[in-house]
Structures are given as structure tokens and as C-alpha cells.
file run_16.txt (compact mmCIF, C-alpha atoms)
# COMPACT_ATOMS: atom_id res chain seq x y z
CA MET A 1 -7.89 -0.04 8.83
CA LYS A 2 -4.18 0.32 9.39
CA ALA A 3 -2.43 3.19 11.00
CA LEU A 4 1.07 4.45 11.33
CA VAL A 5 2.23 7.02 13.78
CA ALA A 6 5.22 9.30 13.40
CA LEU A 7 6.75 11.67 15.85
CA PHE A 8 7.73 14.53 13.63
CA LEU A 9 9.79 17.65 13.64
CA LEU A 10 10.41 18.91 10.16
CA THR A 11 7.84 19.41 7.45
CA PRO A 12 8.17 16.24 5.37
CA ILE A 13 9.01 16.66 1.74
CA LEU A 14 6.33 14.81 -0.19
CA ALA A 15 7.56 12.81 -3.11
CA VAL A 16 6.70 13.57 -6.68
CA ASN A 17 7.02 10.80 -9.20
CA ALA A 18 10.18 10.72 -11.26
CA GLN A 19 9.66 7.46 -13.11
CA GLN A 20 12.02 6.23 -15.75
CA GLN A 21 10.81 5.79 -19.31
CA PRO A 22 8.74 2.66 -19.94
CA PRO A 23 9.26 0.11 -22.73
CA SER A 24 7.30 0.68 -25.93
CA SER A 25 5.46 -2.67 -25.87
CA THR A 26 2.82 -3.40 -23.23
CA THR A 27 3.32 -7.12 -23.69
CA PRO A 28 5.76 -8.36 -21.05
CA LYS A 29 8.71 -10.12 -22.71
CA ILE A 30 12.13 -11.27 -21.62
CA ASP A 31 13.78 -8.24 -23.21
CA ASN A 32 11.53 -5.67 -21.50
CA PHE A 33 10.85 -7.52 -18.24
CA ARG A 34 13.43 -5.63 -16.17
CA GLU A 35 12.28 -2.25 -17.50
CA TRP A 36 8.64 -2.97 -16.67
CA VAL A 37 9.45 -4.12 -13.14
CA ASN A 38 11.44 -0.93 -12.60
CA TYR A 39 8.76 1.27 -14.16
CA ILE A 40 5.90 -0.09 -12.05
CA ARG A 41 7.79 -0.21 -8.76
CA PRO A 42 8.19 3.11 -6.95
CA ASP A 43 11.55 4.78 -7.32
CA GLY A 44 13.70 5.97 -4.44
CA GLU A 45 11.98 9.33 -4.19
CA GLU A 46 8.52 7.74 -4.14
CA GLU A 47 9.65 5.40 -1.37
CA SER A 48 11.01 8.21 0.79
CA TRP A 49 8.01 7.85 3.16
CA ARG A 50 9.71 4.67 4.40
CA GLU A 51 12.60 6.73 5.74
CA ILE A 52 10.31 8.18 8.41
CA PRO A 53 10.74 6.18 11.63
CA TRP A 54 7.06 5.17 11.86
CA ARG A 55 5.61 3.50 14.91
CA ASN A 56 2.93 0.85 14.41
CA GLY A 57 0.88 1.49 17.56
CA PHE A 58 -1.02 4.61 18.59
CA ILE A 59 -0.90 4.63 22.40
CA PRO A 60 2.75 3.46 22.64
CA ALA A 61 3.60 6.33 20.26
CA VAL A 62 1.59 8.78 22.38
CA LYS A 63 3.57 7.77 25.45
CA GLU A 64 6.83 8.04 23.57
CA ALA A 65 5.85 11.47 22.21
CA GLU A 66 5.03 12.56 25.75
CA SER A 67 8.47 11.60 26.99
CA LEU A 68 10.17 13.17 23.96
CA GLN A 69 7.95 16.29 24.14
CA ARG A 70 7.10 15.94 20.47
CA PRO A 71 3.91 16.02 18.38
CA ILE A 72 2.29 13.06 16.61
CA LEU A 73 1.37 12.48 12.98
CA LEU A 74 -1.22 9.71 12.73
CA TRP A 75 -1.64 8.19 9.25
CA ALA A 76 -4.72 5.99 9.09
CA MET A 77 -5.86 4.48 5.80
CA ASN A 78 -8.08 1.63 4.70
CA GLY A 79 -5.35 0.37 2.39
CA ASN A 80 -1.93 1.88 2.44
CA PRO A 81 0.45 2.13 4.30
CA CYS A 82 0.66 -1.52 5.32
CA GLY A 83 -0.94 -2.96 2.21
CA GLU A 84 -3.91 -5.31 1.70
CA THR A 85 -6.02 -2.58 0.17
CA MET B 1 -7.39 0.17 14.59
CA ASP B 2 -11.06 -0.02 15.58
CA ILE B 3 -10.41 2.86 17.97
CA LEU B 4 -10.43 5.21 14.98
CA PHE B 5 -14.01 4.45 14.06
CA PRO B 6 -15.89 2.00 16.29
CA ARG B 7 -18.46 1.19 13.62
CA ASN B 8 -21.10 -0.77 15.48
CA ASP B 9 -22.73 -0.91 18.91
CA TYR B 10 -20.55 -3.78 20.07
CA LEU B 11 -17.33 -1.93 19.27
CA ARG B 12 -18.67 1.38 20.59
CA GLU B 13 -19.42 -0.26 23.94
CA LYS B 14 -16.22 -2.29 24.01
CA LEU B 15 -13.98 0.67 23.17
CA LYS B 16 -15.75 3.50 24.98
CA ASP B 17 -13.01 3.74 27.63
CA ASP B 18 -10.10 2.67 25.44
CA PRO B 19 -7.31 5.25 25.93
CA GLY B 20 -6.67 5.47 22.16
CA LYS B 21 -10.36 5.96 21.33
CA VAL B 22 -10.79 8.53 24.12
CA LEU B 23 -7.76 10.54 23.01
CA PHE B 24 -8.52 10.41 19.27
CA THR B 25 -12.32 10.64 19.24
CA ASP B 26 -13.28 12.41 22.47
CA VAL B 27 -10.36 14.77 23.06
CA TYR B 28 -8.83 15.46 19.63
CA GLY B 29 -11.91 14.91 17.44
CA PRO B 30 -14.05 17.84 18.69
CA GLN B 31 -11.22 20.28 17.91
CA VAL B 32 -10.91 19.15 14.26
CA PRO B 33 -12.66 21.43 11.71
CA ARG B 34 -15.78 19.66 10.47
CA GLN B 35 -14.58 19.45 6.86
CA HIS B 36 -11.53 17.45 8.00
CA TRP B 37 -13.43 15.04 10.26
CA ASN B 38 -15.39 13.04 7.69
CA ASP B 39 -18.68 14.82 7.25
CA ARG B 40 -19.66 12.44 4.43
CA GLY B 41 -21.89 10.32 6.61
CA THR B 42 -19.63 7.26 6.63
CA PHE B 43 -17.84 5.86 9.63
CA THR B 44 -14.31 5.80 8.28
CA LYS B 45 -11.75 8.16 9.70
CA GLN B 46 -8.96 7.38 7.26
CA GLY B 47 -6.76 10.40 6.93
CA LEU B 48 -3.79 12.27 8.34
CA TYR B 49 -4.01 13.74 11.83
CA CYS B 50 -1.51 15.88 13.74
CA MET B 51 -1.80 16.33 17.48
CA MET B 52 0.08 16.83 20.69
CA PRO B 53 0.32 13.77 22.97
CA ASP B 54 -2.44 15.29 25.14
CA GLY B 55 -4.75 15.49 22.11
CA THR B 56 -4.30 19.19 21.33
CA TYR B 57 -5.20 19.77 17.67
CA LEU B 58 -2.40 20.68 15.26
CA GLY B 59 -3.84 19.70 11.87
CA ALA B 60 -5.97 17.16 10.00
CA ARG B 61 -7.07 16.05 6.54
CA PHE B 62 -9.72 13.39 6.14
CA ALA B 63 -8.83 11.04 3.26
CA GLY B 64 -6.54 13.69 1.82
CA THR B 65 -4.69 12.64 -1.26
CA ARG B 66 -3.50 15.86 -2.88
CA VAL B 67 0.18 16.46 -2.26
CA GLU B 68 -0.10 20.27 -2.08
CA GLU B 69 -2.96 20.08 0.42
CA ILE B 70 -1.15 17.64 2.69
CA HIS B 71 2.04 19.70 2.46
CA THR B 72 0.15 22.82 3.54
CA MET B 73 -1.50 20.98 6.45
CA LEU B 74 1.83 19.57 7.68
CA THR B 75 3.49 22.98 7.42
CA GLU B 76 0.68 24.61 9.41
CA ALA B 77 0.77 21.81 12.01
CA THR B 78 4.52 22.17 12.39
CA ASN B 79 4.14 25.94 12.88
CA ARG B 80 1.41 25.41 15.52
CA TRP B 81 3.65 22.92 17.30
CA LYS B 82 6.55 25.40 17.32
CA GLU B 83 4.24 27.95 18.95
CA LEU B 84 3.27 25.39 21.60
CA VAL B 85 6.92 24.58 22.24
CA ARG B 86 7.42 28.24 23.12
CA GLU B 87 4.14 28.59 25.08
CA ARG B 88 4.59 25.41 27.09
CA GLY B 89 8.38 25.68 27.48
CA LEU B 90 8.90 22.26 25.90
CA ASN B 91 12.32 20.79 25.32
CA PRO B 92 11.90 18.33 22.40
CA LYS B 93 14.32 15.44 22.34
CA PRO B 94 15.58 13.62 19.20
CA VAL B 95 13.33 10.85 17.86
CA PRO B 96 15.07 7.46 18.07
CA ASN B 97 15.25 5.79 14.67
CA MET B 98 13.17 2.70 14.09
CA LYS B 99 12.54 0.50 11.07
CA ALA B 100 8.81 -0.03 11.32
CA PHE B 101 8.44 -2.33 8.37
CA SER B 102 11.58 -4.44 8.13
CA GLU B 103 10.91 -6.50 11.27
CA TRP B 104 7.30 -7.13 10.29
CA GLN B 105 8.26 -8.12 6.75
CA GLN B 106 11.08 -10.39 7.91
CA GLN B 107 8.71 -12.09 10.32
CA GLU B 108 6.09 -12.65 7.62
CA SER B 109 8.76 -13.94 5.23
CA SER B 110 10.07 -16.51 7.70
CA ASP B 111 7.33 -19.07 7.08
CA GLY B 112 6.18 -18.60 3.51
CA LEU B 113 6.47 -16.48 0.41
CA PHE B 114 5.66 -12.89 1.36
CA LEU B 115 5.23 -10.59 -1.62
CA GLU B 116 5.00 -6.87 -2.08
CA LEU B 117 2.86 -5.70 -4.98
CA HIS B 118 2.82 -2.34 -6.72
CA TYR B 119 0.16 -0.99 -9.06
CA ARG B 120 0.57 1.70 -11.69
CA ASP B 121 -1.14 2.89 -14.86
CA LEU B 122 1.03 2.42 -17.94
CA PRO B 123 1.49 5.01 -20.68
CA ARG B 124 -1.37 5.59 -23.10
CA ALA B 125 -1.89 7.96 -25.99
CA GLU B 126 -2.74 10.88 -23.69
CA THR B 127 -0.43 11.93 -20.86
CA LYS B 128 -3.40 12.87 -18.64
CA ASP B 129 -6.61 11.00 -17.93
CA ALA B 130 -10.09 12.56 -18.11
CA ARG B 131 -9.82 13.73 -14.50
CA GLY B 132 -6.58 15.56 -15.29
CA ARG B 133 -4.35 13.13 -13.45
CA VAL B 134 -0.93 12.46 -14.98
CA VAL B 135 -0.91 8.86 -16.20
CA GLY B 136 1.69 6.82 -14.31
CA GLU B 137 2.24 9.33 -11.54
CA SER B 138 0.02 7.59 -8.99
CA TRP B 139 0.74 4.16 -7.61
CA ASN B 140 -0.36 1.90 -4.82
CA ARG B 141 1.01 -1.06 -2.94
CA SER B 142 -0.21 -4.18 -1.25
CA THR B 143 1.16 -7.38 0.24
CA PHE B 144 0.26 -11.02 -0.22
CA LYS B 145 1.45 -14.19 1.46
CA PHE B 146 1.67 -17.75 0.19
CA SER B 147 1.98 -20.20 3.09
CA LYS B 148 4.98 -22.51 3.32
CA GLU B 149 2.92 -25.33 1.82
CA GLU B 150 1.47 -23.13 -0.92
CA MET B 151 4.81 -21.73 -2.04
CA THR B 152 6.13 -25.16 -3.00
CA GLY B 153 3.40 -25.17 -5.64
CA LEU B 154 5.43 -22.49 -7.40
CA VAL B 155 8.52 -24.72 -7.61
CA THR B 156 9.36 -27.14 -10.38
CA ALA B 157 12.49 -29.05 -11.32
CA GLY B 158 11.09 -29.84 -14.74
CA ASP B 159 12.55 -28.42 -17.93
CA ASP B 160 9.18 -28.53 -19.68
CA TRP B 161 6.41 -26.04 -19.03
CA GLN B 162 3.88 -27.26 -16.50
CA GLU B 163 0.66 -25.72 -15.25
CA ILE B 164 0.56 -24.07 -11.83
CA GLU B 165 -2.33 -25.43 -9.80
CA SER B 166 -5.45 -23.38 -10.16
CA PRO B 167 -6.36 -22.81 -6.45
CA LEU B 168 -2.96 -21.25 -5.87
CA MET B 169 -3.30 -18.77 -8.71
CA ASP B 170 -6.99 -18.17 -7.99
CA ARG B 171 -6.29 -16.92 -4.49
CA LEU B 172 -3.56 -14.57 -5.69
CA ILE B 173 -5.45 -13.10 -8.60
CA ARG B 174 -8.81 -12.76 -6.85
CA GLU B 175 -7.27 -10.95 -3.91
CA GLN B 176 -4.60 -8.92 -5.66
CA PHE B 177 -5.01 -8.58 -9.45
CA LYS B 178 -7.40 -5.66 -9.19
CA ASP B 179 -7.30 -1.97 -9.96
CA ILE B 180 -6.25 -0.11 -6.83
CA VAL B 181 -4.03 2.53 -8.45
CA TYR B 182 -6.21 5.34 -7.07
CA GLY B 183 -8.20 3.64 -4.31
CA GLN B 184 -9.74 0.41 -3.10
CA SER B 185 -11.35 -2.50 -4.90
CA PRO B 186 -12.88 -5.61 -3.38
CA ARG B 187 -11.59 -9.06 -4.20
CA TRP B 188 -12.93 -10.55 -7.44
CA SER B 189 -15.84 -12.93 -7.10
CA GLU B 190 -15.40 -16.50 -8.21
CA ASP B 191 -17.59 -15.81 -11.24
CA ALA B 192 -15.38 -12.92 -12.34
CA VAL B 193 -12.45 -15.25 -12.97
CA LYS B 194 -12.99 -15.96 -16.66
CA SER B 195 -9.70 -17.70 -17.39
CA VAL B 196 -6.41 -18.50 -15.71
CA ALA B 197 -3.47 -20.10 -17.48
CA MET B 198 -0.19 -19.96 -15.63
CA LYS B 199 2.78 -22.23 -16.19
CA MET B 200 6.35 -22.62 -14.98
CA ARG B 201 9.57 -24.39 -15.83
CA ARG B 202 13.14 -24.61 -14.60
CA LEU B 203 15.39 -22.27 -16.55
CA SER B 204 18.69 -23.30 -14.93
CA SER B 205 20.14 -24.81 -11.78
CA GLU B 206 23.46 -24.71 -10.02
CA GLY B 207 24.64 -25.74 -6.55
CA GLY B 208 21.18 -26.43 -5.18
CA ARG B 209 19.73 -23.20 -6.57
CA MET B 210 17.16 -23.24 -9.34
CA VAL B 211 16.05 -20.38 -11.51
CA ILE B 212 12.38 -20.84 -12.39
CA GLY B 213 10.52 -19.02 -15.15
CA TYR B 214 6.80 -18.23 -15.18
CA THR B 215 4.43 -17.14 -17.91
CA GLY B 216 0.69 -16.88 -18.17
CA LYS B 217 -2.46 -15.02 -18.93
CA VAL B 218 -5.50 -14.17 -16.84
CA GLU B 219 -8.88 -12.65 -17.59
CA LEU B 220 -10.97 -11.11 -14.83
CA ASP B 221 -14.31 -9.50 -15.57
CA SER B 222 -17.05 -8.58 -13.10
CA GLY B 223 -19.21 -6.87 -15.69
CA SER B 224 -18.30 -3.41 -14.43
CA HIS B 225 -14.56 -3.92 -13.94
CA ARG B 226 -12.15 -5.85 -16.18
CA PHE B 227 -8.45 -6.64 -16.10
CA ALA B 228 -6.76 -9.05 -18.49
CA PRO B 229 -3.02 -9.14 -17.89
CA GLU B 230 -0.23 -11.21 -19.33
CA ILE B 231 2.19 -12.38 -16.67
CA LEU B 232 5.92 -12.96 -16.87
CA GLY B 233 8.23 -13.82 -14.00
CA LYS B 234 11.41 -15.27 -12.67
CA ALA B 235 12.39 -16.61 -9.26
CA VAL B 236 15.28 -18.32 -7.50
CA TRP B 237 14.55 -21.31 -5.22
CA ASN B 238 17.33 -22.57 -2.93
CA GLY B 239 15.64 -25.80 -1.91
CA GLU B 240 13.93 -24.28 1.13
CA ARG B 241 12.70 -20.86 0.15
CA PHE B 242 12.67 -18.25 -2.57
CA THR B 243 15.70 -15.98 -2.44
CA ALA B 244 14.46 -13.87 -5.36
CA PHE B 245 11.03 -13.46 -6.92
CA GLU B 246 9.85 -11.05 -9.59
CA TRP B 247 6.68 -11.10 -11.65
CA VAL B 248 4.94 -8.48 -13.72
CA ALA B 249 1.28 -8.58 -14.77
CA ILE B 250 0.50 -6.16 -17.57
CA GLY B 251 -2.67 -5.73 -19.55
CA PRO B 252 -5.77 -3.70 -20.29
CA ARG B 253 -8.10 -2.64 -17.50
CA SER B 254 -11.48 -0.99 -17.88
CA GLY B 255 -14.46 0.01 -15.77
CA GLY B 256 -14.19 0.62 -12.08
CA THR B 257 -15.33 -0.30 -8.59
CA LYS B 258 -17.13 1.68 -5.90
CA TYR B 259 -14.05 3.15 -4.27
CA ASN B 260 -11.30 2.98 -6.88
CA PHE B 261 -11.91 6.48 -8.30
CA ARG B 262 -12.10 5.56 -11.99
CA GLU B 263 -15.11 7.73 -12.76
CA ARG B 264 -14.64 9.33 -16.18
CA ASP B 265 -11.64 7.05 -16.76
CA GLU B 266 -13.44 3.80 -17.39
CA GLY B 267 -12.23 3.19 -20.93
CA GLU B 268 -9.72 0.49 -21.69
CA ALA B 269 -6.17 1.48 -20.74
CA PRO B 270 -3.07 -0.47 -19.72
CA MET B 271 -2.21 -1.13 -16.09
CA GLY B 272 0.70 -2.99 -14.55
CA ILE B 273 1.34 -4.87 -11.32
CA SER B 274 4.77 -5.91 -10.08
CA LEU B 275 5.29 -8.64 -7.49
CA VAL B 276 8.56 -8.93 -5.62
CA LEU B 277 9.81 -10.38 -2.35
CA ALA B 278 8.81 -8.30 0.66
CA ASP B 279 11.53 -9.48 2.96
CA GLY B 280 12.28 -6.16 4.62
CA LYS B 281 15.81 -6.02 3.21
call {"tool": "encode", "arguments": {"input": "run_16.txt", "output": "C-alpha cells"}}
result
Amino acid sequence: MKALVALFLLTPILAVNAQQQPPSSTTPKIDNFREWVNYIRPDGEEESWREIPWRNGFIPAVKEAESLQRPILLWAMNGNPCGET
Amino acid sequence: MDILFPRNDYLREKLKDDPGKVLFTDVYGPQVPRQHWNDRGTFTKQGLYCMMPDGTYLGARFAGTRVEEIHTMLTEATNRWKELVRERGLNPKPVPNMKAFSEWQQQESSDGLFLELHYRDLPRAETKDARGRVVGESWNRSTFKFSKEEMTGLVTAGDDWQEIESPLMDRLIREQFKDIVYGQSPRWSEDAVKSVAMKMRRLSSEGGRMVIGYTGKVELDSGSHRFAPEILGKAVWNGERFTAFEWVAIGPRSGGTKYNFRERDEGEAPMGISLVLADGK
């Protein structure tokens, strides 16, 4: 299990997918390769969670939050956020 | 993060006084409403948890995945925190910025080929699946590393197509070419790998840099879960490492696994995986 910890202030705006249109053929070819890569990969809005200054350790984040007088958001998942689902 | 759910006697004993376990499980945990503290009888505590540094409860959602629900929880937690700021006379200071992932990714990339993978359902006849989810809206990510020695197996100076060695591809596809768009899937068993045909050739070269092309086809079938993608890719090798790497694997998937949430959506439908450098840049 991986976990990320954020010290937060504002209510995060959660991303909603705004994918571009996909190619018509589901066979990957040279002429649709770029479009498929872009379609499958998350767009900027979907990647906005990366803009949060996450900390990778729980107790170091707790100590930091104490000194900053801020709350903690702990995100713990079996797969995301660090991959290797 | 065993502190989140010490799942056996050894870990329970080892971590009983761990400051992280004590704060999360013993101080914060009892304040969390039961429905948000995994009452499903499993050990996992995956979820989103909001708290003060002393463990005071602000909000929680166990394994929450619905955007509206998480948004509501975070809004409520923020409001509770603002009340505590007033009650406790806190003076919150700005949070220093920090790039949590770039350093880790750069470190992993320094001695091998470190890839970031994304998974997404591709358009089908219907815009929603049987569970009412919008096709293509959900996605997942993972990472995979080829060692320094392994990555040279993806390099060729030949102008003719040549096969990529099977063990190299086997490790990648068994660990990563699975359906995790909505959840988790285990690695494929050896028996589930029905066929692998992956080849490469040099497309061009200039000043010590080579552009390499890749193409192939894979069939994976466990009996209850199938994925049969065609693969196309391109990469740039500078003689020491890959400076660019992009593959897509696209094909029909069907069935499901215990935790990948494909119930009622087990019919054949297209899914795609992209693989790119995860260098933190």
C-alpha cells in the first residue's frame, strides 16, 4: 500500500475528464499513433492532482503540519497514486 | 505503509508502538464514522483521511472513488478545520512547495528504463457501460522498470525487423498488460500468456542517436480475463539511455478479475495502454 500526504488549505477541485476525440480505428498505426497516445494519457486537467505538493511520508508530514498549524490529507491506496497497482 | 493496516500478528506486534500506527489507528481511527473505516471485514484501509496533526478527525472516505462524494468530504473537512482554527487560535503558515514525484522518478530513471503506464477504455458503440460509467472517463496509472541490462534488449542497430527476447517482454506484459482501468488485477500467470510476438528495427540514426520502431501482438487469457492488444511504439536511444520512449497497446479485453470492478461489463470491448518515459520532467 502506498500513501501520500498533503497539507491542505483550499478545497481541491477534482478533475473531470476532458479527453480529446480518439481515432476511428482501434488498430494502432503510424498515422493514428500520436492520437492514441494522447487519448489514453491523462490530459492536463486529469493530472492536476500532481500540482498538490504531496509528501511521501506520514510522520514527517505530521510534524511539518504541526509546525505549520495545518491539517493533513492522507491518501492511501493499494495501487495509485505511486503506481504498481 | 504497514502502519495503515498491520495485517498479521507479526506486524501488529512490531508496529504496536509505531507513532504513525498509534496516531492513525488508535487516536484518529476511533473517531471515524464506521461506514468510512472499512466495515467490510477486510484489513485494508485504503482511502482518503483528513485529520489534524494531533489526530483530531476532520473527514474520511474508505476506498472512495466517486468525485462528488470526495468533494463533499473535503469541503466538510475544510470547514471543520476552519472552525478549529478559530477555536484553537491557530495561525496557519503557507505550505512550502515540493515536487513529490519528480525526484523519485529521476532517481529510478538513472539506472534503467523507467516507464509510466496509463490505462483507459476506448470508445465503443455505447457511451456508457452497463454500470452507467462513461466509457473513457476513468483511467489508471502504473510504473514499470527495465534494469540497465534489460533495457539494452530493446535496442537494435539493424534495419531489418528482429524479435525482442521473450523474457523481457514476458515480464512487462505479465506485470503490466492487465485491466486496471477501474481497480486492481494480479499479474498474469505464466499459463495465461498465450502468445507474444514483438519485434524492433532501426528507423533512422543521426549523430549517435537512433530512432527505433517497435511492433507486435500479444494474447493474454486466464480463462476469466482476456486482453489481446496490438502494440506500436517508437523510441530514441542515444547510445547510453533512452531519451524518448512511447508505446501504445490497444486491443479487446473481456472478463474481469476479483478487484477490477468489471462486473456487468465483462463483454469484449477495446482498452488501451500507453507507455512513456517516467523521468519526472
call {"tool": "closest_residue", "arguments": {"input": "run_16.txt", "among": "A:Ser25, A:Asn32, A:Ser48, A:Gln69", "to": "chain B", "atoms": "only C-alpha atoms"}}
result
A:Gln69
call {"tool": "closest_residue", "arguments": {"input": "run_16.txt", "among": "B:Ser166, B:Gln184, B:Gln31, B:Ser195", "to": "chain A", "atoms": "only C-alpha atoms"}}
result
B:Gln184
call {"tool": "axis_aligned_box", "arguments": {"input": "run_16.txt", "around": "region 24-40 of chain A", "padding_each_side": "3 Å", "output": "AutoDock Vina command-line options"}}
result
--center_x 8.3 --center_y -5.0 --center_z -19.0 --size_x 17.0 --size_y 18.5 --size_z 19.9
call {"tool": "residues_around", "arguments": {"input": "run_16.txt", "residues": "Pro22 (chain A)", "least_positions_apart": "3", "cutoff": "8 Å", "atoms": "all atoms listed in the file", "output": "list of chain:residue names"}}
result
A:Glu35, A:Trp36, A:Tyr39, B:Leu122, B:Pro123
call {"tool": "closest_residue", "arguments": {"input": "run_16.txt", "among": "A:Pro23, A:Pro42, A:Pro28, A:Pro53", "to": "Pro96 (chain B)", "atoms": "only C-alpha atoms"}}
result
A:Pro53
call {"tool": "residues_around", "arguments": {"input": "run_16.txt", "residues": "Tyr182 (chain B)", "least_positions_apart": "3", "cutoff": "8 Å", "atoms": "all atoms listed in the file", "output": "VMD selection string"}}
result
chain B and resid 138 to 140 179 260 to 262
call {"tool": "write_last_selection", "arguments": {"input": "run_16.txt", "atoms": "C-alpha atoms", "output": "PDB file, in the coordinates of the input"}}
result
ATOM      1  CA  SER B 138       0.020   7.590  -8.990  1.00  0.00           C
ATOM      2  CA  TRP B 139       0.740   4.160  -7.610  1.00  0.00           C
ATOM      3  CA  ASN B 140      -0.360   1.900  -4.820  1.00  0.00           C
ATOM      4  CA  ASP B 179      -7.300  -1.970  -9.960  1.00  0.00           C
ATOM      5  CA  ASN B 260     -11.300   2.980  -6.880  1.00  0.00           C
ATOM      6  CA  PHE B 261     -11.910   6.480  -8.300  1.00  0.00           C
ATOM      7  CA  ARG B 262     -12.100   5.560 -11.990  1.00  0.00           C
TER       8      ARG B 262
END
call {"tool": "atom_distance", "arguments": {"input": "run_16.txt", "atom1": "CA of Ala65 (chain A)", "atom2": "CA of Arg7 (chain B)"}}
result
27.8 Å
call {"tool": "atom_distance", "arguments": {"input": "run_16.txt", "atom1": "CA of Ala157 (chain B)", "atom2": "CA of Val37 (chain A)"}}
result
25.2 Å
call {"tool": "atom_distance", "arguments": {"input": "run_16.txt", "atom1": "CA of Phe146 (chain B)", "atom2": "CA of Ser222 (chain B)"}}
result
24.7 Å
call {"tool": "closest_residue", "arguments": {"input": "run_16.txt", "among": "B:Phe24, B:Phe144, B:Trp81, B:Tyr119", "to": "Gln105 (chain B)", "atoms": "only C-alpha atoms"}}
result
B:Phe144
call {"tool": "residues_around", "arguments": {"input": "run_16.txt", "residues": "Ala249 (chain B)", "least_positions_apart": "2", "cutoff": "8 Å", "atoms": "all atoms listed in the file", "output": "list in words"}}
result
Pro28 of chain A; Pro229, Glu230, Ile231, Leu232, Trp247, Gly251, Gly272, Ile273 and Ser274 of chain B
call {"tool": "residues_around", "arguments": {"input": "run_16.txt", "residues": "Val5 (chain A)", "least_positions_apart": "3", "cutoff": "8 Å", "atoms": "only C-alpha atoms", "output": "ChimeraX atom specification"}}
result
/A:54-58,61,72-75
call {"tool": "closest_residue", "arguments": {"input": "run_16.txt", "among": "A:Ser67, A:Thr27, A:Gln21, A:Asn38", "to": "Gly216 (chain B)", "atoms": "only C-alpha atoms"}}
result
A:Thr27
call {"tool": "decode", "arguments": {"input": "run_16.txt", "residues": "region 190-229 of chain B", "atoms": "C-alpha atoms", "output": "mmCIF file, in the first residue's frame"}}
result
data_model
loop_
_atom_site.group_PDB
_atom_site.id
_atom_site.type_symbol
_atom_site.label_atom_id
_atom_site.label_comp_id
_atom_site.auth_asym_id
_atom_site.auth_seq_id
_atom_site.Cartn_x
_atom_site.Cartn_y
_atom_site.Cartn_z
ATOM 1 C CA GLU B 190 2.706 -17.965 -16.956
ATOM 2 C CA ASP B 191 -0.042 -20.134 -18.442
ATOM 3 C CA ALA B 192 -2.138 -17.087 -19.323
ATOM 4 C CA VAL B 193 0.472 -15.865 -21.802
ATOM 5 C CA LYS B 194 -0.879 -17.448 -24.978
ATOM 6 C CA SER B 195 1.325 -15.660 -27.484
ATOM 7 C CA VAL B 196 3.906 -12.898 -27.626
ATOM 8 C CA ALA B 197 5.388 -11.561 -30.842
ATOM 9 C CA MET B 198 7.288 -8.315 -30.532
ATOM 10 C CA LYS B 199 9.894 -7.015 -32.934
ATOM 11 C CA MET B 200 12.016 -3.921 -33.459
ATOM 12 C CA ARG B 201 14.175 -2.234 -36.056
ATOM 13 C CA ARG B 202 16.170 0.944 -36.502
ATOM 14 C CA LEU B 203 14.133 3.578 -38.309
ATOM 15 C CA SER B 204 16.871 6.220 -38.576
ATOM 16 C CA SER B 205 20.085 7.379 -36.962
ATOM 17 C CA GLU B 206 21.988 10.617 -36.749
ATOM 18 C CA GLY B 207 24.868 11.857 -34.590
ATOM 19 C CA GLY B 208 24.874 8.875 -32.253
ATOM 20 C CA ARG B 209 21.094 8.919 -31.810
ATOM 21 C CA MET B 210 18.931 6.133 -33.161
ATOM 22 C CA VAL B 211 15.206 6.117 -33.645
ATOM 23 C CA ILE B 212 13.885 2.596 -33.079
ATOM 24 C CA GLY B 213 10.468 1.321 -34.106
ATOM 25 C CA TYR B 214 8.517 -1.453 -32.379
ATOM 26 C CA THR B 215 5.528 -3.513 -33.405
ATOM 27 C CA GLY B 216 3.899 -6.615 -32.051
ATOM 28 C CA LYS B 217 0.937 -8.536 -30.824
ATOM 29 C CA VAL B 218 0.177 -10.261 -27.545
ATOM 30 C CA GLU B 219 -2.577 -12.551 -26.340
ATOM 31 C CA LEU B 220 -3.252 -12.994 -22.632
ATOM 32 C CA ASP B 221 -6.059 -15.200 -21.400
ATOM 33 C CA SER B 222 -6.593 -16.547 -17.886
ATOM 34 C CA GLY B 223 -9.953 -18.098 -18.678
ATOM 35 C CA SER B 224 -11.846 -15.378 -16.845
ATOM 36 C CA HIS B 225 -9.904 -12.355 -18.082
ATOM 37 C CA ARG B 226 -8.560 -11.720 -21.598
ATOM 38 C CA PHE B 227 -6.597 -8.946 -23.273
ATOM 39 C CA ALA B 228 -5.185 -9.192 -26.780
ATOM 40 C CA PRO B 229 -3.536 -5.941 -27.791
#
